[in-house]
Amino acid sequence: MLRIRRFEEKCAELYSAGKIRGFLHLYIGEEAVATGVLPELGPDDAVVATYREHGHALVRGVPMRSLMAEMFGKVEGCSHGRGGSMHLFDVSRRFYGGQAIVGAGLPTAIGLALADRMLGRTGRVTACFFGDGAVAEGVFHESANLAALWHLPVLLCCENNRYAMGTAIERYESQTDLCLKAAAYEIPAWPVDGMDVLAVRDVARRAVEAVRGGGGPLFLELQTYRYRAHSMYDPDRYRDRAEIERWKQRDPIATLAASLRERGVLDDTAQRAMEDDVATEVADAVEYAEAGHLEPVDELTRWVHSEVTA
């Protein structure tokens, strides 16, 4: 969680300095979700994420250097500098995005799970992360229907941060209990406190085991909150400052640190060491990205279509 937060804080700083361009959607406040769910998956499982996916990529094991270079648009980035913040991708880790369109990852995840089924690759799970706004879209319902109908091994992870861009969930959903949406397709649906990384881990562990064991699709509603605006372009005038401060009182990093201190497994020295290690890693990633290379202009059309190899 600390790596995600410090990485994103640096990204915000670099964006303001003009080093990172395009769009930038930060995950700060939601770190417990990716950190709790992803370690429960294996290397053969697939992961599909949203445009707020820096944390998912980091926890999945994509090197921070590669991610920062992608932010800078350098060829050393995980998508060769062509994707930027919203299109992180690493097939070697079965990390399939980075999807810029709301809900776009859902049919991709259904396809990946179906491919595993058709190719006889049993015991694999596809985890798909999407926001609460995606549940209001038709693509969620089409995907949930097919996942249930075909009994696919897919874990649907809804990151309910209560806002679809600048619209509060009460203003765009007639039914705000999102688990009922999945239950309508006879998909087991479990709510979980997405600010508590240990609670997320425990529920995710049971969910992955159930899907991997042939239980078919399963829906998790991870109730969380983003502290920052929807994106760096968003003036964030639709939220009460007091609401943000209330959620910060349940900050996942501070809460876990306090719990570990109470149990005597964390002290000032250990916490400072972790902060120092993360700061070193972030600084190294920035230095690597700064020294990276922009793609030559004469290669702009490369990869637009598949290349023919001898």
# chains A, B, ... in the order shown; residues from 1 in each chain; ligands from 1
>>> residues_around(residues="segment 137-148 of chain A", least_positions_apart="3", cutoff="10 Å", atoms="only C-alpha atoms", output="PyMOL selection string")
chain A and resi 102-111+113-114+130+132-134+151-156+181-188+216-219
>>> write_last_selection(atoms="C-alpha atoms", output="short mmCIF file (atom, residue, chain, number, x, y, z; two decimals), in the first residue's frame")
data_model
loop_
_atom_site.label_atom_id
_atom_site.label_comp_id
_atom_site.auth_asym_id
_atom_site.auth_seq_id
_atom_site.Cartn_x
_atom_site.Cartn_y
_atom_site.Cartn_z
CA VAL A 102 -15.63 2.57 -18.28
CA GLY A 103 -16.59 -1.10 -18.15
CA ALA A 104 -14.43 -2.04 -21.13
CA GLY A 105 -12.48 -4.59 -19.13
CA LEU A 106 -15.54 -6.70 -18.38
CA PRO A 107 -16.00 -8.37 -21.79
CA THR A 108 -12.22 -8.78 -22.01
CA ALA A 109 -12.28 -10.67 -18.71
CA ILE A 110 -15.20 -12.80 -19.84
CA GLY A 111 -13.27 -13.64 -23.00
CA ALA A 113 -12.10 -16.85 -18.77
CA LEU A 114 -13.93 -18.41 -21.70
CA PHE A 130 -14.07 -2.08 -12.35
CA ASP A 132 -19.27 1.33 -9.37
CA GLY A 133 -20.04 3.46 -12.42
CA ALA A 134 -19.52 0.44 -14.66
CA HIS A 151 -20.37 -20.72 -15.36
CA LEU A 152 -17.04 -19.00 -16.07
CA PRO A 153 -14.12 -18.81 -13.58
CA VAL A 154 -14.17 -15.04 -13.20
CA LEU A 155 -13.90 -12.91 -10.06
CA LEU A 156 -15.76 -9.62 -10.49
CA LYS A 181 -27.23 -6.38 -9.19
CA ALA A 182 -24.99 -9.44 -9.36
CA ALA A 183 -27.44 -11.57 -7.41
CA ALA A 184 -30.02 -10.90 -10.12
CA TYR A 185 -27.88 -13.13 -12.35
CA GLU A 186 -27.56 -15.73 -9.58
CA ILE A 187 -23.92 -14.78 -9.04
CA PRO A 188 -22.83 -15.03 -5.38
CA GLY A 216 -18.40 -20.18 -11.30
CA PRO A 217 -18.36 -16.38 -11.19
CA LEU A 218 -18.33 -14.45 -7.94
CA PHE A 219 -18.88 -10.74 -7.27
#
>>> residues_around(residues="segment 79-93 of chain A", least_positions_apart="4", cutoff="10 Å", atoms="only C-alpha atoms", output="PyMOL selection string")
chain A and resi 11+20-26+42-54+56-57+60-62+66-75+97-101+292-295+300
>>> select_by_dssp(residues="segment 196-237 of chain A", states="strand (DSSP E)", output="list of chain:residue names")
A:Leu218, A:Phe219, A:Leu220, A:Glu221, A:Leu222, A:Gln223
>>> closest_residue(among="A:Met195, A:Met165, A:Val211, A:Val200", to="Thr126 of chain A", atoms="only C-alpha atoms")
A:Val211
>>> atom_distance(atom1="atom CA of Leu222 of chain A", atom2="atom CA of Val33 of chain A")
6.9 Å
>>> residues_around(residues="Tyr163 of chain A", least_positions_apart="6", cutoff="12 Å", atoms="only C-alpha atoms", output="PyMOL selection string")
chain A and resi 131-136+169-173+176+223-230+236+238-239
>>> residues_around(residues="Val203 of chain A", least_positions_apart="6", cutoff="9 Å", atoms="only C-alpha atoms", output="number ranges by chain")
A: 36-37, 190-192, 220
>>> atom_distance(atom1="atom CA of Asp202 of chain A", atom2="atom CA of Ala32 of chain A")
12.0 Å
>>> atom_distance(atom1="atom CA of Trp303 of chain A", atom2="atom CA of Tyr96 of chain A")
17.1 Å
>>> closest_residue(among="A:Gly123, A:Pro63, A:Gly18, A:Gly77", to="Leu41 of chain A", atoms="only C-alpha atoms")
A:Gly123
>>> select_by_dssp(residues="segment 5-238 of chain A", states="alpha helix (DSSP H)", output="NGL selection string")
:A and (5-16 or 31-37 or 54-60 or 64-71 or 105-118 or 132-135 or 138-149 or 178-183 or 197-210)
